[in-house]
Every structure is written in C-alpha cells, then in structure tokens.
file final-v4.txt (compact mmCIF, C-alpha atoms)
# COMPACT_ATOMS: atom_id res chain seq x y z
CA MET A 1 137.97 133.74 72.29
CA THR A 2 134.36 134.67 71.86
CA ALA A 3 132.08 133.18 74.47
CA PRO A 4 129.60 130.67 73.04
CA THR A 5 126.16 132.03 72.44
CA VAL A 6 123.55 130.61 74.77
CA ALA A 7 120.09 130.51 73.30
CA PRO A 8 117.56 132.21 75.56
CA ALA A 9 114.96 129.97 77.14
CA ALA A 10 111.75 129.83 75.17
CA PRO A 11 109.07 132.00 76.76
CA VAL A 12 106.36 130.10 78.61
CA PRO A 13 102.99 130.67 76.94
CA ASP A 14 100.46 132.56 79.03
CA LEU A 15 97.26 130.56 79.46
CA VAL A 16 95.26 133.50 80.81
CA PRO A 17 93.93 134.55 77.37
CA GLU A 18 92.81 130.94 76.83
CA ILE A 19 90.99 130.43 80.13
CA ASP A 20 87.52 131.42 78.91
CA ARG A 21 87.83 129.03 75.95
CA LEU A 22 89.19 126.21 78.11
CA ARG A 23 86.40 126.65 80.65
CA ALA A 24 83.82 126.70 77.87
CA GLU A 25 85.23 123.33 76.74
CA THR A 26 84.72 121.96 80.26
CA PRO A 27 81.05 121.28 81.03
CA GLY A 28 81.65 121.06 84.77
CA CYS A 29 82.78 124.67 85.03
CA ALA A 30 79.15 125.75 84.59
CA GLU A 31 78.09 123.56 87.52
CA VAL A 32 80.66 123.90 90.31
CA ALA A 33 83.70 125.74 91.56
CA HIS A 34 85.99 122.75 91.44
CA PHE A 35 88.89 122.64 93.90
CA ASN A 36 89.31 118.88 93.79
CA HIS A 37 91.61 118.37 90.82
CA ALA A 38 93.93 116.35 93.09
CA GLY A 39 91.02 113.94 93.60
CA SER A 40 89.36 113.82 90.21
CA SER A 41 89.49 116.72 87.79
CA LEU A 42 86.83 117.97 85.40
CA MET A 43 87.09 116.35 81.98
CA PRO A 44 87.23 118.64 78.93
CA GLN A 45 84.84 117.97 76.07
CA PRO A 46 87.41 116.24 73.80
CA VAL A 47 88.10 113.70 76.55
CA LEU A 48 84.39 113.20 77.13
CA ASP A 49 83.86 112.75 73.38
CA ALA A 50 86.58 110.10 73.16
CA LEU A 51 85.18 108.24 76.15
CA LEU A 52 81.51 108.35 75.21
CA GLY A 53 82.21 107.86 71.53
CA HIS A 54 83.84 104.52 72.15
CA LEU A 55 81.17 103.41 74.62
CA ASP A 56 78.59 104.18 71.94
CA ARG A 57 80.48 102.05 69.43
CA GLU A 58 80.65 99.18 71.94
CA ALA A 59 76.90 99.41 72.41
CA ARG A 60 76.28 99.45 68.66
CA ILE A 61 78.73 96.89 67.26
CA GLY A 62 80.10 94.97 70.28
CA GLY A 63 83.02 95.43 72.65
CA TYR A 64 85.56 93.24 70.86
CA GLU A 65 84.63 94.65 67.48
CA ALA A 66 84.83 98.24 68.70
CA GLU A 67 88.27 97.56 70.13
CA ASP A 68 89.46 96.09 66.83
CA GLU A 69 88.09 99.11 65.02
CA ALA A 70 89.99 101.45 67.38
CA ALA A 71 93.27 99.48 67.34
CA GLU A 72 95.29 102.23 65.67
CA ARG A 73 93.98 104.91 68.03
CA ILE A 74 94.68 102.69 71.04
CA GLY A 75 98.25 102.23 69.86
CA ALA A 76 98.60 105.99 69.56
CA VAL A 77 97.74 106.38 73.25
CA TYR A 78 100.97 104.61 74.21
CA ALA A 79 102.94 106.98 72.00
CA SER A 80 101.16 109.99 73.51
CA ILE A 81 101.93 108.90 77.08
CA ALA A 82 105.54 108.15 76.15
CA GLY A 83 105.88 111.61 74.62
CA LEU A 84 104.42 113.21 77.74
CA ILE A 85 107.15 111.82 80.03
CA GLY A 86 110.08 111.40 77.65
CA ALA A 87 109.86 107.62 77.38
CA ALA A 88 109.40 105.07 74.58
CA PRO A 89 106.02 103.43 73.84
CA ASP A 90 107.32 99.95 74.72
CA GLU A 91 108.14 101.23 78.23
CA ILE A 92 104.47 102.08 78.92
CA ALA A 93 101.74 99.86 80.39
CA ILE A 94 98.14 101.04 80.75
CA VAL A 95 96.28 99.60 83.74
CA GLU A 96 93.25 100.23 85.94
CA ASN A 97 94.68 102.96 88.15
CA ALA A 98 97.89 104.44 89.55
CA THR A 99 97.89 102.21 92.63
CA ARG A 100 97.64 99.07 90.50
CA ALA A 101 100.44 100.43 88.30
CA TRP A 102 102.63 101.06 91.35
CA ASP A 103 101.80 97.66 92.88
CA MET A 104 102.52 95.73 89.70
CA ALA A 105 106.02 97.19 89.56
CA PHE A 106 106.77 97.16 93.30
CA TYR A 107 105.81 93.53 93.85
CA ALA A 108 107.87 92.53 90.80
CA ILE A 109 111.10 93.85 92.35
CA PRO A 110 113.15 90.97 93.86
CA LEU A 111 113.58 91.71 97.57
CA ASP A 112 115.27 89.47 100.13
CA PRO A 113 115.41 89.63 103.94
CA GLY A 114 117.91 92.29 104.92
CA ASP A 115 117.38 94.35 101.76
CA ARG A 116 116.56 97.98 102.45
CA ILE A 117 113.85 100.28 101.05
CA LEU A 118 114.18 104.03 101.59
CA THR A 119 111.09 106.19 101.39
CA SER A 120 109.76 109.61 102.43
CA VAL A 121 107.91 110.88 105.49
CA ALA A 122 104.99 112.00 103.30
CA GLU A 123 104.57 108.65 101.55
CA TYR A 124 101.08 107.69 100.43
CA GLY A 125 99.13 105.21 102.55
CA SER A 126 98.71 102.50 99.91
CA ASN A 127 102.45 102.51 99.23
CA ALA A 128 103.23 102.39 102.94
CA LEU A 129 100.99 99.34 103.34
CA ALA A 130 102.98 97.55 100.66
CA PHE A 131 106.20 98.46 102.46
CA LEU A 132 104.84 97.11 105.74
CA GLN A 133 103.79 93.90 104.02
CA VAL A 134 107.30 93.17 102.72
CA ALA A 135 108.79 94.34 106.03
CA ALA A 136 107.00 91.40 107.66
CA ARG A 137 109.18 89.17 105.47
CA GLY A 138 112.42 90.72 106.70
CA VAL A 139 112.88 93.62 104.29
CA ARG A 140 113.97 96.77 106.11
CA VAL A 141 111.85 99.85 105.41
CA GLU A 142 113.41 103.13 106.48
CA VAL A 143 111.98 106.64 106.28
CA VAL A 144 114.36 109.38 105.18
CA PRO A 145 113.84 112.42 107.44
CA ASN A 146 112.71 115.78 106.13
CA ASP A 147 114.85 118.86 105.73
CA ALA A 148 114.02 122.31 107.09
CA ASP A 149 111.52 122.89 104.26
CA GLY A 150 109.56 119.75 105.13
CA GLN A 151 110.62 117.75 102.07
CA LEU A 152 112.87 114.71 101.85
CA SER A 153 116.37 115.64 103.01
CA VAL A 154 118.82 114.96 100.20
CA GLU A 155 121.67 115.25 102.72
CA ALA A 156 120.10 112.58 104.93
CA LEU A 157 119.52 110.36 101.89
CA VAL A 158 123.23 110.48 101.07
CA GLY A 159 124.03 109.19 104.53
CA MET A 160 121.49 106.36 104.34
CA LEU A 161 122.37 104.90 100.94
CA ASP A 162 124.55 101.79 100.89
CA ASP A 163 124.87 98.55 98.93
CA ARG A 164 121.91 96.99 100.78
CA VAL A 165 119.46 99.61 99.50
CA ARG A 166 117.54 97.94 96.69
CA LEU A 167 114.86 100.58 96.22
CA VAL A 168 114.23 104.26 96.80
CA ALA A 169 110.48 104.86 96.52
CA VAL A 170 109.07 108.37 96.83
CA THR A 171 105.76 110.09 96.20
CA HIS A 172 106.55 113.08 94.00
CA MET A 173 103.81 115.28 95.50
CA PRO A 174 102.00 114.01 98.61
CA THR A 175 98.24 113.63 98.67
CA ASN A 176 98.06 115.90 101.74
CA GLY A 177 100.00 118.94 100.57
CA GLY A 178 101.56 120.79 97.68
CA LEU A 179 105.25 120.15 98.31
CA LEU A 180 107.29 118.88 95.38
CA GLN A 181 109.94 116.37 96.37
CA PRO A 182 113.45 116.89 94.88
CA ALA A 183 113.02 113.98 92.48
CA ALA A 184 115.99 114.66 90.17
CA ALA A 185 118.41 114.82 93.10
CA ILE A 186 116.92 111.61 94.51
CA GLY A 187 117.21 109.90 91.15
CA ARG A 188 120.86 110.88 90.72
CA LEU A 189 121.80 109.58 94.17
CA ALA A 190 119.85 106.33 93.75
CA ARG A 191 121.55 105.62 90.45
CA GLU A 192 125.00 106.30 91.88
CA ALA A 193 124.22 103.86 94.69
CA GLY A 194 122.93 101.16 92.33
CA ALA A 195 119.40 101.31 93.75
CA LEU A 196 116.17 101.39 91.79
CA PHE A 197 114.11 104.59 91.95
CA LEU A 198 110.31 104.26 91.92
CA LEU A 199 108.47 107.58 91.59
CA ASP A 200 104.77 107.82 92.43
CA ALA A 201 103.77 110.68 90.12
CA CYS A 202 100.03 110.34 90.68
CA GLN A 203 99.66 114.04 91.58
CA THR A 204 102.29 115.51 89.27
CA VAL A 205 101.75 114.03 85.81
CA GLY A 206 99.60 116.59 84.02
CA GLN A 207 100.46 119.32 86.52
CA LEU A 208 104.11 119.91 85.62
CA PRO A 209 106.68 118.82 83.03
CA ILE A 210 108.22 115.42 83.77
CA ASP A 211 111.05 113.79 81.83
CA VAL A 212 111.96 110.36 83.14
CA GLU A 213 115.53 110.69 81.92
CA ALA A 214 116.02 114.04 83.65
CA VAL A 215 114.36 112.75 86.84
CA GLY A 216 116.36 109.52 86.72
CA CYS A 217 113.52 107.25 87.78
CA ASP A 218 113.47 103.60 86.75
CA ILE A 219 109.73 103.24 87.36
CA LEU A 220 106.93 105.81 87.39
CA SER A 221 103.23 105.37 88.12
CA ALA A 222 100.47 107.84 87.33
CA THR A 223 96.73 108.23 86.93
CA SER A 224 94.36 109.64 84.35
CA ARG A 225 91.77 111.25 86.60
CA LYS A 226 93.75 113.90 88.45
CA PHE A 227 95.73 116.73 86.86
CA LEU A 228 95.66 115.08 83.43
CA ARG A 229 91.87 115.64 83.45
CA GLY A 230 91.13 112.20 82.05
CA PRO A 231 88.48 109.63 83.05
CA ARG A 232 88.50 107.51 86.19
CA GLY A 233 89.43 103.83 86.14
CA VAL A 234 92.64 104.08 84.13
CA GLY A 235 96.29 104.80 84.87
CA PHE A 236 99.71 104.00 83.51
CA LEU A 237 103.11 102.64 84.42
CA TYR A 238 106.52 103.46 83.01
CA VAL A 239 109.35 100.92 83.38
CA ARG A 240 112.80 101.63 81.99
CA ARG A 241 113.49 99.29 79.07
CA SER A 242 116.75 97.97 80.53
CA LEU A 243 114.87 96.92 83.69
CA ILE A 244 111.85 95.18 82.17
CA ASP A 245 113.48 91.75 81.73
CA ARG A 246 114.50 91.74 85.42
CA LEU A 247 110.93 92.12 86.66
CA THR A 248 108.31 89.37 86.81
CA PRO A 249 104.86 90.80 87.61
CA PRO A 250 103.10 89.41 90.70
CA PHE A 251 100.38 87.88 88.55
CA LEU A 252 100.01 87.11 84.87
CA ASP A 253 97.35 86.58 82.27
CA ILE A 254 97.33 86.08 78.52
CA ARG A 255 98.08 89.75 77.91
CA ALA A 256 101.15 89.71 80.14
CA ALA A 257 102.53 86.38 78.93
CA GLU A 258 102.09 83.68 76.30
CA TRP A 259 101.42 80.09 77.29
CA THR A 260 103.99 78.50 75.00
CA ALA A 261 103.81 74.81 76.05
CA PRO A 262 101.85 72.74 78.57
CA THR A 263 104.35 73.61 81.31
CA ALA A 264 105.99 76.76 79.94
CA PHE A 265 105.25 80.41 79.29
CA ALA A 266 107.04 83.49 77.98
CA LEU A 267 106.58 86.98 79.42
CA HIS A 268 105.75 89.81 77.08
CA PRO A 269 109.08 91.45 76.20
CA THR A 270 107.81 95.01 76.79
CA ALA A 271 106.06 96.83 79.64
CA ARG A 272 102.83 95.21 78.42
CA ARG A 273 103.76 92.35 80.78
CA PHE A 274 102.29 94.53 83.54
CA GLU A 275 98.87 94.81 81.86
CA ASN A 276 95.69 92.70 81.97
CA TRP A 277 93.97 91.31 78.90
CA GLU A 278 90.60 92.78 79.91
CA SER A 279 90.75 96.55 80.11
CA ASN A 280 88.74 99.74 79.94
CA VAL A 281 89.18 100.53 76.26
CA ALA A 282 87.05 103.68 76.42
CA GLY A 283 89.13 104.80 79.40
CA LYS A 284 92.34 104.26 77.44
CA LEU A 285 91.07 106.44 74.62
CA GLY A 286 89.93 109.07 77.09
CA LEU A 287 93.36 109.01 78.73
CA GLY A 288 94.99 109.47 75.34
CA ALA A 289 92.75 112.43 74.59
CA ALA A 290 93.61 113.96 77.97
CA VAL A 291 97.34 113.58 77.35
CA ASP A 292 97.03 115.17 73.91
CA TYR A 293 94.97 118.03 75.38
CA ALA A 294 97.62 118.75 78.00
CA GLN A 295 100.43 118.51 75.48
CA ALA A 296 98.69 120.96 73.18
CA LEU A 297 98.53 123.52 76.00
CA GLY A 298 102.10 122.84 77.12
CA LEU A 299 103.13 121.51 80.51
CA ASN A 300 105.35 124.51 81.23
CA ALA A 301 102.39 126.82 80.74
CA ILE A 302 100.14 124.59 82.85
CA TRP A 303 102.69 124.46 85.68
CA ALA A 304 103.17 128.23 85.69
CA ARG A 305 99.43 128.86 85.89
CA VAL A 306 98.85 126.18 88.56
CA ARG A 307 101.58 127.56 90.80
CA ALA A 308 100.33 131.12 90.42
CA GLN A 309 96.74 130.22 91.31
CA ALA A 310 97.79 128.02 94.22
CA ALA A 311 99.91 130.86 95.61
CA ARG A 312 96.91 133.22 95.34
CA LEU A 313 94.72 130.75 97.20
CA ARG A 314 97.28 130.21 99.96
CA GLU A 315 97.60 133.97 100.42
CA ARG A 316 93.83 134.43 100.65
CA LEU A 317 93.34 131.58 103.09
CA ALA A 318 96.26 132.58 105.31
CA ALA A 319 94.69 136.02 105.76
CA ILE A 320 91.53 134.56 107.32
CA PRO A 321 91.55 134.53 111.15
CA GLY A 322 91.37 130.98 112.46
CA VAL A 323 92.59 129.40 109.19
CA ALA A 324 96.03 127.78 109.02
CA VAL A 325 97.59 126.83 105.68
CA ARG A 326 99.51 123.59 106.18
CA ASP A 327 101.59 123.17 103.03
CA LEU A 328 105.31 122.41 103.27
CA GLY A 329 108.14 122.39 100.74
CA ALA A 330 110.59 124.71 99.03
CA VAL A 331 108.59 124.30 95.80
CA LYS A 332 104.83 124.10 96.08
CA GLY A 333 102.29 123.00 93.50
CA GLY A 334 98.55 122.96 93.05
CA ILE A 335 97.48 121.17 96.24
CA VAL A 336 96.55 123.63 99.00
CA THR A 337 95.77 122.22 102.46
CA PHE A 338 94.41 124.04 105.48
CA THR A 339 92.55 123.70 108.76
CA VAL A 340 89.85 125.87 110.31
CA ALA A 341 90.09 126.27 114.07
CA GLY A 342 87.22 124.56 115.84
CA VAL A 343 85.70 123.10 112.66
CA GLU A 344 86.26 119.52 111.51
CA PRO A 345 87.60 119.23 107.93
CA ALA A 346 84.61 117.09 106.93
CA ALA A 347 82.23 119.80 108.17
CA VAL A 348 84.05 122.39 106.09
CA GLN A 349 83.79 120.11 103.05
CA THR A 350 80.05 119.59 103.59
CA ALA A 351 79.36 123.29 104.00
CA LEU A 352 81.34 124.16 100.86
CA ARG A 353 79.62 121.47 98.82
CA ALA A 354 76.27 123.03 99.76
CA GLU A 355 77.54 126.14 97.97
CA ALA A 356 78.63 124.12 94.89
CA ILE A 357 82.30 124.37 95.86
CA ASN A 358 84.19 121.09 95.68
CA VAL A 359 87.06 120.32 98.05
CA SER A 360 88.20 117.08 99.65
CA VAL A 361 89.48 115.92 103.03
CA SER A 362 92.83 114.28 103.70
CA GLY A 363 92.78 112.07 106.79
CA ALA A 364 95.67 110.78 108.87
CA SER A 365 95.56 107.28 107.36
CA SER A 366 96.44 108.59 103.89
CA THR A 367 99.86 109.88 105.04
CA ARG A 368 100.19 108.70 108.63
CA TRP A 369 103.93 109.22 109.10
CA ASP A 370 103.65 112.86 108.06
CA MET A 371 100.33 113.66 109.72
CA GLU A 372 101.31 112.20 113.08
CA ALA A 373 104.67 113.97 113.00
CA ARG A 374 102.82 117.27 112.57
CA GLY A 375 100.08 116.47 115.07
CA LEU A 376 97.35 116.56 112.44
CA VAL A 377 94.31 114.30 112.19
CA GLY A 378 92.76 115.81 109.09
CA LEU A 379 93.10 118.58 106.52
CA VAL A 380 90.85 120.31 104.02
CA ARG A 381 92.42 119.90 100.58
CA ALA A 382 91.66 122.49 97.92
CA SER A 383 93.49 121.78 94.67
CA VAL A 384 93.60 124.28 91.82
CA HIS A 385 94.29 123.85 88.13
CA TYR A 386 94.86 126.16 85.19
CA LEU A 387 91.08 126.47 84.89
CA THR A 388 90.77 127.98 88.37
CA THR A 389 89.84 131.67 88.20
CA ASP A 390 90.56 134.50 90.61
CA GLU A 391 86.81 134.81 91.14
CA GLU A 392 86.57 131.17 92.23
CA ILE A 393 89.45 131.69 94.66
CA LEU A 394 87.62 134.64 96.22
CA ARG A 395 84.44 132.60 96.36
CA LEU A 396 86.17 129.77 98.20
CA ALA A 397 87.98 132.10 100.58
CA ASP A 398 84.77 133.94 101.45
CA ALA A 399 82.98 130.65 102.15
CA VAL A 400 85.85 129.43 104.35
CA ALA A 401 85.85 132.75 106.21
CA ARG A 402 82.17 132.26 107.03
CA GLN A 403 82.98 128.82 108.44
CA ALA A 404 85.82 130.26 110.52
CA ARG A 405 83.57 132.94 112.00
CA ARG A 406 81.05 130.32 113.10
call {"tool": "encode", "arguments": {"input": "final-v4.txt", "output": "structure tokens"}}
result
Amino acid sequence: MTAPTVAPAAPVPDLVPEIDRLRAETPGCAEVAHFNHAGSSLMPQPVLDALLGHLDREARIGGYEAEDEAAERIGAVYASIAGLIGAAPDEIAIVENATRAWDMAFYAIPLDPGDRILTSVAEYGSNALAFLQVAARGVRVEVVPNDADGQLSVEALVGMLDDRVRLVAVTHMPTNGGLLQPAAAIGRLAREAGALFLLDACQTVGQLPIDVEAVGCDILSATSRKFLRGPRGVGFLYVRRSLIDRLTPPFLDIRAAEWTAPTAFALHPTARRFENWESNVAGKLGLGAAVDYAQALGLNAIWARVRAQAARLRERLAAIPGVAVRDLGAVKGGIVTFTVAGVEPAAVQTALRAEAINVSVSGASSTRWDMEARGLVGLVRASVHYLTTDEEILRLADAVARQARR
C-alpha cells in the first residue's frame, strides 16, 4: 500500500522585506524606539484613519447618527475578530478593555462554596483579586505549581483536577515575562474533567496565531491596544456558543437584555449580553482595522518575527555585565524582562525615556505569586514586535549597558 501523501506545511512569509513599509505606515516609528508593545503598541496609519475618521463624523453629524451610518462596518468588526480566533461572530462581545471582558465572564460563572478554581503562579493581578474576592465567599482558589521551565505544570494539573473544579483560569502570557503557557494541553485536560477554561489572552492575541477550538478554551478575553496595535479603551470577549445561555452577566443594561414586561426581562441570546449600550464606536472601528491589518500580514509571520527579535534582544541584554534576563518558559514570546544590578527598574525606565526609548516596569503587585516566589520586587519590561529593528535592539542594549556601568 502506498503511504498517503502529506502536504508540506505552507511556508511562513518573511516580514523582513516589508519592515520598511510597515514602519513608514506607523507614525510613531519616527519618534521613538518603542519597546512597550506589551503595554500599548504604536498604531499603524489605517487604524489611526479608522479611529479619527469616525470621531470626525461624530463631530460633524452627531454621535448617534455617525454610529447608524457606520452600522455595516461595525458589524464587520465582529466578523473580523471571530475570524482572527476561529470563532463565530455571535460568540464575540466588544467591551471597554480586556479586564472588563474577563470580569464580565468570570463573575457570570455560577460558583458555590466548596467549588474549586485552579490558576497559574504567574496569574495577572486583576484576575487574582477577583479570585480572592470569591474565595472570601467559600470558593477554593488553588495555584497549580510550575514545572522545571517555569510554566504551569501540566503533570501537576492532572493531579489537581477533580469533579469540584469548576474553572481553570490561566493567563496565556504573563505581564511580567515572555513565557507562553501550554494552553492547548490545559484546555484538553479541563474539558476532560468537565471544568470551564478561561484564557486571558491579553498579551497573545495579535502576537501569535490563536484558534479557540484548537486551544479548547470556553472563554477568552483580549485587548486592542497591545500586540494587535489598536486603540486604547476597547477589548473583546469570546464565549463559546454552547455556554452563553448558562451565564448571566454581573450587571445588565438595555444592550445586554430587553425589558419585556414590568417585572420581566430577556437576556440577549448571543455574547452581546456581555456588552454595554454605550460604547466607544470609534474604538470599535479602530479595533476592526487593527485586526484586519494583522490578518493581512499573517499571524504565523508575525509570531516568527516577534520570537526572532525577542531572542536577539535577550541575547544582547544577557551579554551585558550586571544585567540579568528574567524570562521563563519553554516557549518564549515578545516580552523581555530584565534587571540591572544596583539600579531600580523605574530609574532604568526614566533614563531610557530620556533617550526616546520606551520600556515599562512590572512591579510585584501585578504578578505577586510569581514575583515573590522568585524574590523579585520589580522588572524592566522591554517588549518587541515585528516592527522592531536590529538597530533599535542595539540602541536599547547600548543604553542599558551605560546604566549598568553607572
């Protein structure tokens, strides 16, 4: 019998020939060396045009009227987001930010005293606060230990899952380092155990390909402003269609539900039940433009370029005496964290900003379980994107080296 022919994997496009064009389409590249894409990325011109274009229409004809005029384009944003993550448009809600998206889903999950939530050591501070709040009502919150690579231990997760686990909630890539959690393995185990899987993809959507079916998550939250390169003040939520009817959002308005009788209401049948009536329409359109921009480039190509540039930056920083690169994980992405001996992270950030180099600082309160376990109080966070050039990496490394020598 002849062995079946396996089609070769499609080659990943090389973005290098496109970098000059992409940087020319990004006004901020002429102003700063931007290593803060994990905080808020630089918007490309098409995103800026969509955002400002709608604001101009609001100013000229009125906010309600401009929204009515843009109704078809607003509807297309839901389809674009769905296409980005392998979902359906009715499984998407667009809200103010990723934290609000996460909260709207989390607080809608029915939890009783004695129910268990499993989460990761590197969980984000806002999520951890929500866990602590429900823990005060008798819900058990348990942190799955890390494996030898510093990521969530899949083996430990297997041993912790039982019929009392209602939710597995994990941040896909922590705010304080580039490790990529093994989301697909987590999703498979959660589903086998009958637990919901909530994935905080705030740092990964726009940085790498994500398919909610392949990952196996029931809920996913994400933002516009980070690696998607969209505007601030807008994010989105994915909720699996089969789950939507089981979730009642923590608060409602006339977008989320219809007041059907003096003492009755009906929830919106789709993920729109997690939205608010008043919203940032210009932000929605900017988000849609950002999604389309990323899709046109290809997430596989973006991910390959991001990983390559992050690896170059880690190598450069690690070679500087007095600088320690702090990233964990078997697979690392575009967030590069480090410390400079004898220099506070905030001082490094200030000195770099004076040279028009943008980085951010990650403090202990953003990921306390992880930071305390590693004896860290703060980190400098330098996050790359496909726009980041080798010259910018050298510029940052040279500036950090000067700080280390001082």
call {"tool": "residues_near_point", "arguments": {"input": "final-v4.txt", "point": "(105.3, 113.7, 80.9)", "cutoff": "9 Å", "atoms": "all atoms listed in the file", "output": "list in words"}}
result
Ile81, Ala82, Gly83, Leu84, Ile85, Gly86, Ala87, Val205, Gly206, Leu208, Pro209, Ile210, Asp211, Val212, Val291, Gln295 and Leu299 of chain A
call {"tool": "closest_residue", "arguments": {"input": "final-v4.txt", "among": "A:Gly114, A:Ala70, A:Pro46, A:Gly378", "to": "Ala136 of chain A", "atoms": "only C-alpha atoms"}}
result
A:Gly114
call {"tool": "atom_distance", "arguments": {"input": "final-v4.txt", "atom1": "atom CA of Pro27 of chain A", "atom2": "atom CA of Val47 of chain A"}}
result
11.3 Å
call {"tool": "atom_distance", "arguments": {"input": "final-v4.txt", "atom1": "atom CA of Val32 of chain A", "atom2": "atom CA of Ala356 of chain A"}}
result
5.0 Å
call {"tool": "residues_around", "arguments": {"input": "final-v4.txt", "residues": "Ala185 of chain A", "least_positions_apart": "3", "cutoff": "12 Å", "atoms": "only C-alpha atoms", "output": "NGL selection string"}}
result
:A and (152-155 or 157-158 or 168 or 170 or 181-182 or 188-192 or 197 or 214-217)
call {"tool": "residues_around", "arguments": {"input": "final-v4.txt", "residues": "Asn176 of chain A", "least_positions_apart": "6", "cutoff": "8 Å", "atoms": "only C-alpha atoms", "output": "list in words"}}
result
Ile335, Thr337, Ser362, Ser366, Thr367, Leu379 and Arg381 of chain A
call {"tool": "atom_distance", "arguments": {"input": "final-v4.txt", "atom1": "atom CA of Ala311 of chain A", "atom2": "atom CA of Val121 of chain A"}}
result
23.7 Å
call {"tool": "residues_around", "arguments": {"input": "final-v4.txt", "residues": "segment 229-245 of chain A", "least_positions_apart": "2", "cutoff": "8 Å", "atoms": "all atoms listed in the file", "output": "VMD selection string"}}
result
chain A and resid 37 40 to 44 47 51 87 90 to 98 101 to 102 105 206 218 to 227 247 to 248 269 to 271 280 283 to 284 286 to 287 289 to 291
call {"tool": "closest_residue", "arguments": {"input": "final-v4.txt", "among": "A:Ala294, A:Leu132, A:Phe265, A:Thr339", "to": "Ser80 of chain A", "atoms": "all atoms listed in the file"}}
result
A:Ala294
call {"tool": "closest_atom_pairs", "arguments": {"input": "final-v4.txt", "of": "segment 46-137 of chain A", "to": "segment 249-261 of chain A", "cutoff": "6 Å", "atoms": "all atoms listed in the file", "output": "Markdown table"}}
result
| residue | atom | partner | partner_atom | distance |
| --- | --- | --- | --- | --- |
| A:Met104 | CA | A:Pro249 | CA | 5.8 |
| A:Tyr107 | CA | A:Pro250 | CA | 5.9 |
| A:Ala108 | CA | A:Pro249 | CA | 4.7 |
